[in-house]
file query_23.txt (compact mmCIF, C-alpha atoms)
# COMPACT_ATOMS: atom_id res chain seq x y z
CA MET A 1 248.08 207.09 132.60
CA VAL A 2 246.43 208.69 129.56
CA ARG A 3 249.61 208.54 127.48
CA TYR A 4 249.66 204.73 127.89
CA PHE A 5 245.93 204.30 127.41
CA LEU A 6 245.64 205.84 123.95
CA PRO A 7 248.49 203.83 122.33
CA SER A 8 247.11 200.64 123.91
CA LEU A 9 243.64 201.45 122.59
CA LEU A 10 245.08 202.01 119.11
CA ILE A 11 246.89 198.67 119.23
CA LEU A 12 243.70 196.88 120.32
CA ILE A 13 241.82 198.47 117.43
CA LEU A 14 244.51 197.36 114.98
CA CYS A 15 244.40 193.81 116.41
CA ALA A 16 240.63 193.80 116.09
CA PHE A 17 241.03 193.94 112.31
CA CYS A 18 243.06 190.73 112.31
CA LYS A 19 241.74 187.55 110.73
CA THR A 20 241.61 184.01 112.09
CA HIS A 21 242.72 180.90 110.23
CA TYR A 22 241.70 177.48 111.54
CA VAL A 23 244.15 174.66 110.80
CA GLU A 24 242.39 171.53 109.52
CA PRO A 25 242.24 169.20 112.51
CA SER A 26 243.74 165.76 112.71
CA VAL A 27 240.77 163.51 113.50
CA GLY A 28 241.30 160.38 115.53
CA ILE A 29 239.21 157.71 117.25
CA ASP A 30 239.47 158.12 120.99
CA HIS A 31 237.05 155.32 121.79
CA ALA A 32 234.84 152.90 119.83
CA ARG A 33 232.43 150.29 121.15
CA SER A 34 229.95 147.97 119.46
CA ASN A 35 228.01 144.98 120.73
CA GLU A 36 227.87 143.51 117.22
CA PRO A 37 229.55 144.09 113.83
CA ILE A 38 228.22 147.34 112.34
CA SER A 39 228.72 148.45 108.75
CA GLN A 40 228.33 152.08 107.71
CA GLY A 41 225.98 150.93 104.95
CA GLU A 42 223.62 149.57 107.62
CA VAL A 43 223.36 152.90 109.49
CA ALA A 44 220.86 155.72 108.93
CA PHE A 45 222.25 158.89 110.50
CA ALA A 46 219.80 161.24 112.22
CA GLY A 47 222.08 164.23 111.81
CA PHE A 48 224.89 165.89 113.73
CA TYR A 49 224.11 168.54 116.30
CA ASN A 50 225.68 171.15 118.59
CA TYR A 51 227.74 172.52 115.77
CA ARG A 52 227.21 176.23 116.33
CA VAL A 53 224.53 177.73 118.54
CA GLU A 54 222.75 180.95 119.38
CA LYS A 55 220.69 181.41 122.51
CA SER A 56 217.02 182.27 122.05
CA GLY A 57 215.00 182.43 125.25
CA MET A 58 215.12 179.04 126.91
CA MET A 59 216.42 177.31 123.78
CA TYR A 60 219.70 177.19 121.92
CA ARG A 61 218.96 177.52 118.22
CA LEU A 62 221.34 175.64 115.96
CA TYR A 63 222.97 176.77 112.76
CA SER A 64 222.75 174.14 110.05
CA ALA A 65 226.39 174.26 108.88
CA GLY A 66 227.34 170.95 110.46
CA ASN A 67 224.31 169.03 109.24
CA GLY A 68 224.53 170.62 105.79
CA GLN A 69 228.14 169.54 105.37
CA PHE A 70 227.25 166.07 106.63
CA ARG A 71 224.53 165.71 103.99
CA GLU A 72 226.98 166.66 101.24
CA GLU A 73 229.32 163.89 102.34
CA TYR A 74 226.75 161.34 103.53
CA SER A 75 223.55 162.05 101.60
CA GLY A 76 222.93 158.33 101.08
CA HIS A 77 222.94 157.73 104.84
CA HIS A 78 220.97 160.73 106.13
CA VAL A 79 217.38 160.14 107.32
CA GLY A 80 216.35 163.32 105.49
CA ASP A 81 217.34 161.68 102.19
CA LEU A 82 216.08 158.16 102.88
CA PRO A 83 212.49 157.06 102.14
CA VAL A 84 210.32 155.79 104.98
CA GLN A 85 209.70 152.10 104.29
CA GLY A 86 207.48 151.27 107.24
CA ARG A 87 206.84 151.93 110.91
CA ILE A 88 207.86 150.06 114.05
CA PRO A 89 206.16 150.45 117.47
CA VAL A 90 208.74 151.63 120.00
CA GLU A 91 209.13 151.31 123.74
CA LEU A 92 208.36 154.75 125.15
CA GLN A 93 211.28 154.91 127.57
CA ASN A 94 213.79 154.15 124.81
CA ALA A 95 212.31 156.87 122.60
CA ALA A 96 212.31 159.34 125.48
CA ASN A 97 215.95 158.52 126.30
CA LEU A 98 217.05 159.14 122.70
CA ILE A 99 215.31 162.51 122.51
CA LEU A 100 216.40 163.58 125.99
CA HIS A 101 220.06 162.64 125.57
CA ASN A 102 220.61 163.83 122.00
CA GLY A 103 218.08 166.62 121.60
CA LEU A 104 216.58 168.17 124.72
CA ARG A 105 219.66 168.32 126.93
CA PRO A 106 221.97 169.90 124.35
CA ALA A 107 219.32 172.32 123.06
CA MET A 108 217.35 173.46 126.11
CA ASN A 109 217.79 174.50 129.70
CA GLU A 110 216.54 172.44 132.65
CA GLU A 111 213.35 174.46 133.15
CA ALA A 112 212.27 173.95 129.55
CA ILE A 113 213.10 170.24 129.71
CA ALA A 114 211.00 169.86 132.86
CA GLU A 115 207.98 171.20 130.96
CA GLN A 116 208.17 168.39 128.40
CA ASP A 117 205.95 165.31 128.78
CA LEU A 118 208.21 162.33 128.13
CA LYS A 119 205.87 159.72 129.57
CA SER A 120 203.12 159.54 126.96
CA PRO A 121 203.31 158.75 123.21
CA ARG A 122 201.83 162.13 122.31
CA GLY A 123 204.19 163.97 124.68
CA ILE A 124 207.31 162.30 123.27
CA TYR A 125 206.21 163.06 119.70
CA GLN A 126 205.45 166.68 120.59
CA ALA A 127 208.92 167.00 122.17
CA ALA A 128 210.45 165.78 118.91
CA LYS A 129 208.34 168.27 116.93
CA TYR A 130 209.27 171.05 119.35
CA LEU A 131 212.95 170.40 118.69
CA GLU A 132 212.32 170.82 114.98
CA SER A 133 211.87 174.57 115.45
CA GLY A 134 215.30 174.77 117.08
CA GLY A 135 217.22 173.16 114.25
CA TYR A 136 216.70 169.48 115.13
CA GLY A 137 214.49 168.71 112.15
CA ASP A 138 215.65 165.10 111.85
CA PHE A 139 214.13 164.18 115.22
CA ALA A 140 210.65 164.97 113.95
CA ARG A 141 211.31 162.73 110.94
CA LEU A 142 212.25 159.76 113.13
CA PHE A 143 208.84 159.34 114.74
CA HIS A 144 205.21 158.98 113.74
CA TYR A 145 202.29 159.37 116.12
CA ASP A 146 198.90 157.76 115.53
CA ALA A 147 196.35 159.81 117.45
CA ASN A 148 193.58 157.22 116.91
CA THR A 149 195.46 154.46 118.72
CA ASP A 150 197.67 156.76 120.84
CA GLN A 151 200.71 154.85 119.57
CA LEU A 152 204.23 156.13 118.90
CA TYR A 153 206.14 154.59 115.99
CA LEU A 154 209.72 154.71 114.79
CA ASN A 155 209.94 155.26 111.04
CA ASP A 156 211.83 152.50 109.26
CA PHE A 157 214.41 153.86 106.79
CA GLY A 158 215.44 150.43 105.54
CA ARG A 159 218.51 150.26 107.78
CA PRO A 160 218.92 148.05 110.86
CA TYR A 161 220.71 150.82 112.77
CA LEU A 162 220.10 154.46 113.57
CA ALA A 163 222.87 156.81 114.73
CA VAL A 164 222.93 160.32 116.17
CA GLY A 165 226.04 162.49 116.31
CA LEU A 166 226.83 165.31 118.72
CA HIS A 167 229.62 167.80 118.07
CA GLU A 168 231.04 169.11 121.34
CA PRO A 169 231.68 171.33 123.18
CA THR A 170 228.64 173.50 122.60
CA PHE A 171 230.69 176.39 123.99
CA ARG A 172 234.45 176.94 123.89
CA ARG A 173 236.19 175.44 126.89
CA PRO A 174 239.93 175.99 126.34
CA THR A 175 242.22 173.69 128.29
CA LEU A 176 244.77 175.12 130.73
CA GLY A 177 247.55 174.45 128.23
CA GLY A 178 245.51 176.08 125.48
CA ARG A 179 244.97 179.18 127.62
CA MET A 180 248.68 179.45 128.36
CA ILE A 181 249.56 179.23 124.65
CA PHE A 182 247.03 181.93 123.91
CA LEU A 183 248.20 184.29 126.67
CA VAL A 184 251.87 184.05 125.67
CA THR A 185 251.27 184.40 121.94
CA TYR A 186 248.67 187.15 122.40
CA LEU A 187 251.21 189.27 124.30
CA LEU A 188 253.59 189.05 121.32
CA HIS A 189 250.63 189.57 119.01
CA PHE A 190 249.71 192.75 120.88
CA LEU A 191 253.25 194.16 120.97
CA SER A 192 253.80 193.46 117.27
CA LEU A 193 250.57 195.25 116.27
CA GLY A 194 249.05 191.98 115.14
CA THR A 195 251.96 190.80 113.00
CA VAL A 196 252.97 187.89 115.24
CA PRO A 197 250.05 185.43 115.23
CA ALA A 198 248.04 184.77 118.35
CA VAL A 199 247.59 181.02 118.71
CA TRP A 200 245.03 178.97 120.60
CA ILE A 201 243.48 175.51 120.56
CA ASP A 202 239.75 174.93 120.29
CA PRO A 203 238.85 171.55 121.83
CA GLY A 204 236.58 169.52 119.58
CA GLU A 205 235.04 166.09 119.83
CA THR A 206 232.22 164.17 118.20
CA ARG A 207 230.20 161.51 119.99
CA ILE A 208 228.11 159.10 117.92
CA THR A 209 225.54 156.78 119.50
CA VAL A 210 224.20 153.82 117.50
CA TYR A 211 220.75 152.34 118.16
CA ASN A 212 219.01 149.23 116.87
CA SER A 213 215.40 149.18 115.63
CA SER A 214 214.22 148.92 119.25
CA LEU A 215 216.17 152.12 120.10
CA GLU A 216 218.54 150.19 122.33
CA VAL A 217 222.15 151.41 122.34
CA VAL A 218 224.36 148.90 120.50
CA GLY A 219 227.45 150.99 119.82
CA SER A 220 229.20 154.29 120.38
CA LEU A 221 232.09 156.25 118.94
CA HIS A 222 234.16 159.14 120.28
CA LEU A 223 236.23 161.18 117.82
CA ASP A 224 238.77 163.82 118.87
CA HIS A 225 239.45 166.77 116.57
CA SER A 226 240.95 169.63 118.56
CA THR A 227 241.74 172.52 116.22
CA TYR A 228 244.58 175.05 116.18
CA ALA A 229 243.71 178.64 115.30
CA LEU A 230 246.03 181.46 114.20
CA ALA A 231 245.15 185.15 114.13
CA SER A 232 247.16 188.03 112.64
CA ASN A 233 246.89 190.99 110.28
CA TRP A 234 248.37 189.06 107.35
CA ILE A 235 246.25 185.89 107.61
CA ASP A 236 243.38 185.35 105.20
CA GLY A 237 240.51 184.02 107.27
CA GLU A 238 237.46 184.90 109.33
CA ASP A 239 237.12 187.88 111.64
CA TYR A 240 239.27 187.46 114.72
CA PHE A 241 237.82 187.24 118.21
CA VAL A 242 239.15 186.07 121.52
CA PRO A 243 237.75 182.67 122.61
CA ASP A 244 234.77 183.39 124.82
CA SER A 245 233.79 182.17 128.25
CA ASN A 246 231.71 179.03 128.86
CA ASP A 247 228.49 180.87 129.65
CA ASN A 248 228.39 182.98 126.49
CA PRO A 249 226.41 181.13 123.80
CA HIS A 250 227.68 183.48 121.10
CA GLY A 251 231.26 182.38 121.77
CA GLY A 252 230.48 178.73 121.26
CA GLY A 253 230.80 175.94 118.81
CA ILE A 254 233.68 174.05 117.32
CA PRO A 255 235.17 175.75 114.23
CA GLU A 256 233.48 174.98 110.93
CA VAL A 257 236.65 173.49 109.47
CA ALA A 258 236.19 170.49 111.77
CA ALA A 259 232.91 169.23 110.28
CA PRO A 260 234.14 168.22 106.80
CA ALA A 261 237.31 166.75 108.34
CA VAL A 262 235.20 164.59 110.67
CA TYR A 263 232.87 163.35 107.93
CA GLN A 264 235.72 162.61 105.53
CA PHE A 265 237.47 160.68 108.29
CA MET A 266 234.32 158.67 108.99
CA LYS A 267 233.88 157.85 105.32
CA SER A 268 237.51 156.81 104.90
CA ARG A 269 237.24 154.42 107.84
CA GLY A 270 234.29 152.69 106.20
CA ASP A 271 233.16 149.50 107.92
CA GLU A 272 236.05 149.78 110.39
CA LEU A 273 234.48 152.88 111.93
CA PHE A 274 232.48 151.20 114.68
CA ARG A 275 234.94 148.40 115.42
CA SER A 276 236.15 148.50 119.01
CA ASN A 277 239.75 149.64 119.30
call {"tool": "encode", "arguments": {"input": "query_23.txt", "output": "structure tokens"}}
result
Amino acid sequence: MVRYFLPSLLILILCAFCKTHYVEPSVGIDHARSNEPISQGEVAFAGFYNYRVEKSGMMYRLYSAGNGQFREEYSGHHVGDLPVQGRIPVELQNAANLILHNGLRPAMNEEAIAEQDLKSPRGIYQAAKYLESGGYGDFARLFHYDANTDQLYLNDFGRPYLAVGLHEPTFRRPTLGGRMIFLVTYLLHFLSLGTVPAVWIDPGETRITVYNSSLEVVGSLHLDHSTYALASNWIDGEDYFVPDSNDNPHGGGIPEVAAPAVYQFMKSRGDELFRSN
């Protein structure tokens, strides 16, 4: 037993020094819907979230890699770079739905969500400000609260549409086929002391929801960008680790290579982006 254990341990240690290389994904539109013609130039983007996360108490804190890369590609469309040109009173339920769907649910657990007041103007604004500390800074920029009149406003960025993007999955959820590829290639990887690459597929998708100035949903977009990953001792890349389980927040997030590919794809599509397929 011992004579097999020590060589196996040595092989695992050698494999642990392998590097991972993510292949740039091929991005494609899986689904697009719009109630009216929408041009990219008419959209102010309120960021892209769920890129890479780390659990902190009841909240999942976000790394800014995805949003930072978006701003480099789309600085003229990001609410953080656009001046506020006015304020529009908003229907509270629409504002609550936007924050709940795009911010609270991805970033917090059910107990923390239940503690939020999403019925009053002050409560909705405080929920948006609370998300700011978890990496959702754009949500706080969307709204203005007037304490004197107890009124919630949507900031006007000079665009008729507002869009929010969500990168998914928050955590790795390999498909059955992806698991099989990994198991077969990892066996060869193990036996070859890390020379034969281990291969797996990280599912990746981006969902974009488009709102009008009344925060009513007028369009949506679903992009697919599953990413192949290779790991071996001769690959120049990041530190290698086995894809983690669904409940481990430190194993999560789509690979960073996907973000610039997604934004470049969006930009290249131009005004065709939100046209229904």
call {"tool": "closest_residue", "arguments": {"input": "query_23.txt", "among": "A:Glu91, A:Asp271, A:Asp138, A:Asp117", "to": "Glu216 in chain A", "atoms": "all atoms listed in the file"}}
result
A:Glu91
call {"tool": "closest_residue", "arguments": {"input": "query_23.txt", "among": "A:Cys18, A:Leu131, A:Ile88, A:Ala140", "to": "Trp234 in chain A", "atoms": "all atoms listed in the file"}}
result
A:Cys18
call {"tool": "closest_residue", "arguments": {"input": "query_23.txt", "among": "A:Gly237, A:His222, A:Tyr263, A:Ala258", "to": "Ile29 in chain A", "atoms": "all atoms listed in the file"}}
result
A:His222
call {"tool": "residues_around", "arguments": {"input": "query_23.txt", "residues": "range 201-211 of chain A", "least_positions_apart": "3", "cutoff": "6 Å", "atoms": "all atoms listed in the file", "output": "PyMOL selection string"}}
result
chain A and resi 161-168+178+215-228+254
call {"tool": "write_last_selection", "arguments": {"input": "query_23.txt", "atoms": "C-alpha atoms", "output": "CSV table (one decimal), in the coordinates of the input"}}
result
chain,number,residue,atom,x,y,z
A,161,TYR,CA,220.7,150.8,112.8
A,162,LEU,CA,220.1,154.5,113.6
A,163,ALA,CA,222.9,156.8,114.7
A,164,VAL,CA,222.9,160.3,116.2
A,165,GLY,CA,226.0,162.5,116.3
A,166,LEU,CA,226.8,165.3,118.7
A,167,HIS,CA,229.6,167.8,118.1
A,168,GLU,CA,231.0,169.1,121.3
A,178,GLY,CA,245.5,176.1,125.5
A,215,LEU,CA,216.2,152.1,120.1
A,216,GLU,CA,218.5,150.2,122.3
A,217,VAL,CA,222.2,151.4,122.3
A,218,VAL,CA,224.4,148.9,120.5
A,219,GLY,CA,227.4,151.0,119.8
A,220,SER,CA,229.2,154.3,120.4
A,221,LEU,CA,232.1,156.2,118.9
A,222,HIS,CA,234.2,159.1,120.3
A,223,LEU,CA,236.2,161.2,117.8
A,224,ASP,CA,238.8,163.8,118.9
A,225,HIS,CA,239.4,166.8,116.6
A,226,SER,CA,241.0,169.6,118.6
A,227,THR,CA,241.7,172.5,116.2
A,228,TYR,CA,244.6,175.0,116.2
A,254,ILE,CA,233.7,174.0,117.3
call {"tool": "atom_distance", "arguments": {"input": "query_23.txt", "atom1": "CA of Glu72 in chain A", "atom2": "CA of Leu230 in chain A"}}
result
27.4 Å
call {"tool": "residues_near_point", "arguments": {"input": "query_23.txt", "point": "(242.2, 184.3, 104.2)", "cutoff": "9 Å", "atoms": "all atoms listed in the file", "output": "MDAnalysis selection string"}}
result
chainID A and resid 19:21 234:238
call {"tool": "atom_distance", "arguments": {"input": "query_23.txt", "atom1": "CA of Glu110 in chain A", "atom2": "CA of Arg122 in chain A"}}
result
20.7 Å
call {"tool": "atom_distance", "arguments": {"input": "query_23.txt", "atom1": "CA of Ser268 in chain A", "atom2": "CA of Asn212 in chain A"}}
result
23.3 Å
call {"tool": "closest_residue", "arguments": {"input": "query_23.txt", "among": "A:Lys119, A:Arg33, A:His101, A:Arg141", "to": "Gly80 in chain A", "atoms": "only C-alpha atoms"}}
result
A:Arg141
call {"tool": "residues_around", "arguments": {"input": "query_23.txt", "residues": "Gln126 in chain A", "least_positions_apart": "5", "cutoff": "12 Å", "atoms": "only C-alpha atoms", "output": "MDAnalysis selection string"}}
result
chainID A and resid 96 99 104 115:121 131:133 139:141 143:145 147 152
call {"tool": "closest_residue", "arguments": {"input": "query_23.txt", "among": "A:Val199, A:Ala114, A:Leu142, A:Val79", "to": "Gly177 in chain A", "atoms": "all atoms listed in the file"}}
result
A:Val199
call {"tool": "closest_residue", "arguments": {"input": "query_23.txt", "among": "A:Pro197, A:Gly103, A:Pro89, A:Pro169", "to": "Asp156 in chain A", "atoms": "all atoms listed in the file"}}
result
A:Pro89
call {"tool": "decode", "arguments": {"input": "query_23.txt", "residues": "range 178-212 of chain A", "atoms": "N, CA and C atoms", "output": "PDB file, in the first residue's frame"}}
result
ATOM      1  N   GLY A 178     -18.379  17.581 -20.230  1.00  0.00           N
ATOM      2  CA  GLY A 178     -17.159  18.240 -19.793  1.00  0.00           C
ATOM      3  C   GLY A 178     -16.445  17.458 -18.702  1.00  0.00           C
ATOM      4  N   ARG A 179     -17.214  16.863 -17.799  1.00  0.00           N
ATOM      5  CA  ARG A 179     -16.615  16.045 -16.734  1.00  0.00           C
ATOM      6  C   ARG A 179     -15.934  14.811 -17.311  1.00  0.00           C
ATOM      7  N   MET A 180     -16.568  14.194 -18.298  1.00  0.00           N
ATOM      8  CA  MET A 180     -16.003  12.988 -18.906  1.00  0.00           C
ATOM      9  C   MET A 180     -14.685  13.311 -19.605  1.00  0.00           C
ATOM     10  N   ILE A 181     -14.655  14.432 -20.334  1.00  0.00           N
ATOM     11  CA  ILE A 181     -13.415  14.847 -21.002  1.00  0.00           C
ATOM     12  C   ILE A 181     -12.313  15.050 -19.966  1.00  0.00           C
ATOM     13  N   PHE A 182     -12.672  15.697 -18.868  1.00  0.00           N
ATOM     14  CA  PHE A 182     -11.676  15.965 -17.840  1.00  0.00           C
ATOM     15  C   PHE A 182     -11.162  14.670 -17.211  1.00  0.00           C
ATOM     16  N   LEU A 183     -12.056  13.746 -16.877  1.00  0.00           N
ATOM     17  CA  LEU A 183     -11.640  12.507 -16.215  1.00  0.00           C
ATOM     18  C   LEU A 183     -10.706  11.687 -17.098  1.00  0.00           C
ATOM     19  N   VAL A 184     -11.040  11.575 -18.380  1.00  0.00           N
ATOM     20  CA  VAL A 184     -10.206  10.787 -19.297  1.00  0.00           C
ATOM     21  C   VAL A 184      -8.846  11.439 -19.483  1.00  0.00           C
ATOM     22  N   THR A 185      -8.852  12.750 -19.759  1.00  0.00           N
ATOM     23  CA  THR A 185      -7.577  13.427 -20.014  1.00  0.00           C
ATOM     24  C   THR A 185      -6.754  13.568 -18.738  1.00  0.00           C
ATOM     25  N   TYR A 186      -7.412  13.683 -17.581  1.00  0.00           N
ATOM     26  CA  TYR A 186      -6.644  13.810 -16.346  1.00  0.00           C
ATOM     27  C   TYR A 186      -5.927  12.511 -16.005  1.00  0.00           C
ATOM     28  N   LEU A 187      -6.520  11.364 -16.364  1.00  0.00           N
ATOM     29  CA  LEU A 187      -5.848  10.084 -16.130  1.00  0.00           C
ATOM     30  C   LEU A 187      -4.536  10.032 -16.921  1.00  0.00           C
ATOM     31  N   LEU A 188      -4.587  10.428 -18.200  1.00  0.00           N
ATOM     32  CA  LEU A 188      -3.372  10.473 -19.023  1.00  0.00           C
ATOM     33  C   LEU A 188      -2.403  11.537 -18.492  1.00  0.00           C
ATOM     34  N   HIS A 189      -2.964  12.639 -18.046  1.00  0.00           N
ATOM     35  CA  HIS A 189      -2.178  13.724 -17.459  1.00  0.00           C
ATOM     36  C   HIS A 189      -1.406  13.215 -16.239  1.00  0.00           C
ATOM     37  N   PHE A 190      -2.079  12.455 -15.415  1.00  0.00           N
ATOM     38  CA  PHE A 190      -1.491  11.911 -14.189  1.00  0.00           C
ATOM     39  C   PHE A 190      -0.379  10.914 -14.516  1.00  0.00           C
ATOM     40  N   LEU A 191      -0.666   9.992 -15.436  1.00  0.00           N
ATOM     41  CA  LEU A 191       0.295   8.943 -15.778  1.00  0.00           C
ATOM     42  C   LEU A 191       1.525   9.490 -16.501  1.00  0.00           C
ATOM     43  N   SER A 192       1.350  10.622 -17.189  1.00  0.00           N
ATOM     44  CA  SER A 192       2.472  11.209 -17.932  1.00  0.00           C
ATOM     45  C   SER A 192       3.205  12.268 -17.120  1.00  0.00           C
ATOM     46  N   LEU A 193       2.961  12.331 -15.837  1.00  0.00           N
ATOM     47  CA  LEU A 193       3.583  13.307 -14.936  1.00  0.00           C
ATOM     48  C   LEU A 193       3.313  14.745 -15.366  1.00  0.00           C
ATOM     49  N   GLY A 194       2.128  14.961 -15.914  1.00  0.00           N
ATOM     50  CA  GLY A 194       1.716  16.302 -16.278  1.00  0.00           C
ATOM     51  C   GLY A 194       2.091  16.719 -17.683  1.00  0.00           C
ATOM     52  N   THR A 195       2.678  15.819 -18.459  1.00  0.00           N
ATOM     53  CA  THR A 195       3.088  16.182 -19.822  1.00  0.00           C
ATOM     54  C   THR A 195       1.900  16.213 -20.774  1.00  0.00           C
ATOM     55  N   VAL A 196       1.040  15.208 -20.703  1.00  0.00           N
ATOM     56  CA  VAL A 196      -0.187  15.205 -21.502  1.00  0.00           C
ATOM     57  C   VAL A 196      -1.178  16.157 -20.843  1.00  0.00           C
ATOM     58  N   PRO A 197      -1.711  17.118 -21.591  1.00  0.00           N
ATOM     59  CA  PRO A 197      -2.600  18.113 -20.967  1.00  0.00           C
ATOM     60  C   PRO A 197      -3.896  17.495 -20.441  1.00  0.00           C
ATOM     61  N   ALA A 198      -4.314  17.977 -19.282  1.00  0.00           N
ATOM     62  CA  ALA A 198      -5.679  17.728 -18.825  1.00  0.00           C
ATOM     63  C   ALA A 198      -6.564  18.777 -19.490  1.00  0.00           C
ATOM     64  N   VAL A 199      -7.742  18.363 -19.916  1.00  0.00           N
ATOM     65  CA  VAL A 199      -8.622  19.249 -20.681  1.00  0.00           C
ATOM     66  C   VAL A 199      -9.995  19.285 -20.014  1.00  0.00           C
ATOM     67  N   TRP A 200     -10.585  20.452 -19.921  1.00  0.00           N
ATOM     68  CA  TRP A 200     -11.962  20.552 -19.457  1.00  0.00           C
ATOM     69  C   TRP A 200     -12.629  21.751 -20.117  1.00  0.00           C
ATOM     70  N   ILE A 201     -13.921  21.853 -19.928  1.00  0.00           N
ATOM     71  CA  ILE A 201     -14.705  22.944 -20.500  1.00  0.00           C
ATOM     72  C   ILE A 201     -15.378  23.699 -19.367  1.00  0.00           C
ATOM     73  N   ASP A 202     -15.150  24.992 -19.306  1.00  0.00           N
ATOM     74  CA  ASP A 202     -15.853  25.830 -18.335  1.00  0.00           C
ATOM     75  C   ASP A 202     -17.048  26.482 -19.018  1.00  0.00           C
ATOM     76  N   PRO A 203     -18.276  26.113 -18.636  1.00  0.00           N
ATOM     77  CA  PRO A 203     -19.451  26.765 -19.222  1.00  0.00           C
ATOM     78  C   PRO A 203     -19.423  28.261 -18.935  1.00  0.00           C
ATOM     79  N   GLY A 204     -19.831  29.047 -19.892  1.00  0.00           N
ATOM     80  CA  GLY A 204     -19.884  30.490 -19.688  1.00  0.00           C
ATOM     81  C   GLY A 204     -21.005  31.097 -20.507  1.00  0.00           C
ATOM     82  N   GLU A 205     -21.732  32.001 -19.909  1.00  0.00           N
ATOM     83  CA  GLU A 205     -22.799  32.692 -20.623  1.00  0.00           C
ATOM     84  C   GLU A 205     -22.957  34.091 -20.039  1.00  0.00           C
ATOM     85  N   THR A 206     -23.452  34.995 -20.849  1.00  0.00           N
ATOM     86  CA  THR A 206     -23.717  36.356 -20.409  1.00  0.00           C
ATOM     87  C   THR A 206     -25.158  36.703 -20.761  1.00  0.00           C
ATOM     88  N   ARG A 207     -25.881  37.187 -19.766  1.00  0.00           N
ATOM     89  CA  ARG A 207     -27.275  37.589 -19.969  1.00  0.00           C
ATOM     90  C   ARG A 207     -27.369  39.101 -19.777  1.00  0.00           C
ATOM     91  N   ILE A 208     -27.900  39.779 -20.784  1.00  0.00           N
ATOM     92  CA  ILE A 208     -28.041  41.234 -20.738  1.00  0.00           C
ATOM     93  C   ILE A 208     -29.526  41.576 -20.780  1.00  0.00           C
ATOM     94  N   THR A 209     -29.970  42.391 -19.833  1.00  0.00           N
ATOM     95  CA  THR A 209     -31.359  42.841 -19.787  1.00  0.00           C
ATOM     96  C   THR A 209     -31.395  44.334 -20.070  1.00  0.00           C
ATOM     97  N   VAL A 210     -32.282  44.744 -20.976  1.00  0.00           N
ATOM     98  CA  VAL A 210     -32.377  46.152 -21.386  1.00  0.00           C
ATOM     99  C   VAL A 210     -33.677  46.741 -20.835  1.00  0.00           C
ATOM    100  N   TYR A 211     -33.562  47.914 -20.222  1.00  0.00           N
ATOM    101  CA  TYR A 211     -34.703  48.608 -19.628  1.00  0.00           C
ATOM    102  C   TYR A 211     -34.894  49.954 -20.312  1.00  0.00           C
ATOM    103  N   ASN A 212     -36.152  50.433 -20.318  1.00  0.00           N
ATOM    104  CA  ASN A 212     -36.396  51.800 -20.782  1.00  0.00           C
ATOM    105  C   ASN A 212     -36.312  52.751 -19.593  1.00  0.00           C
TER     106      ASN A 212
END
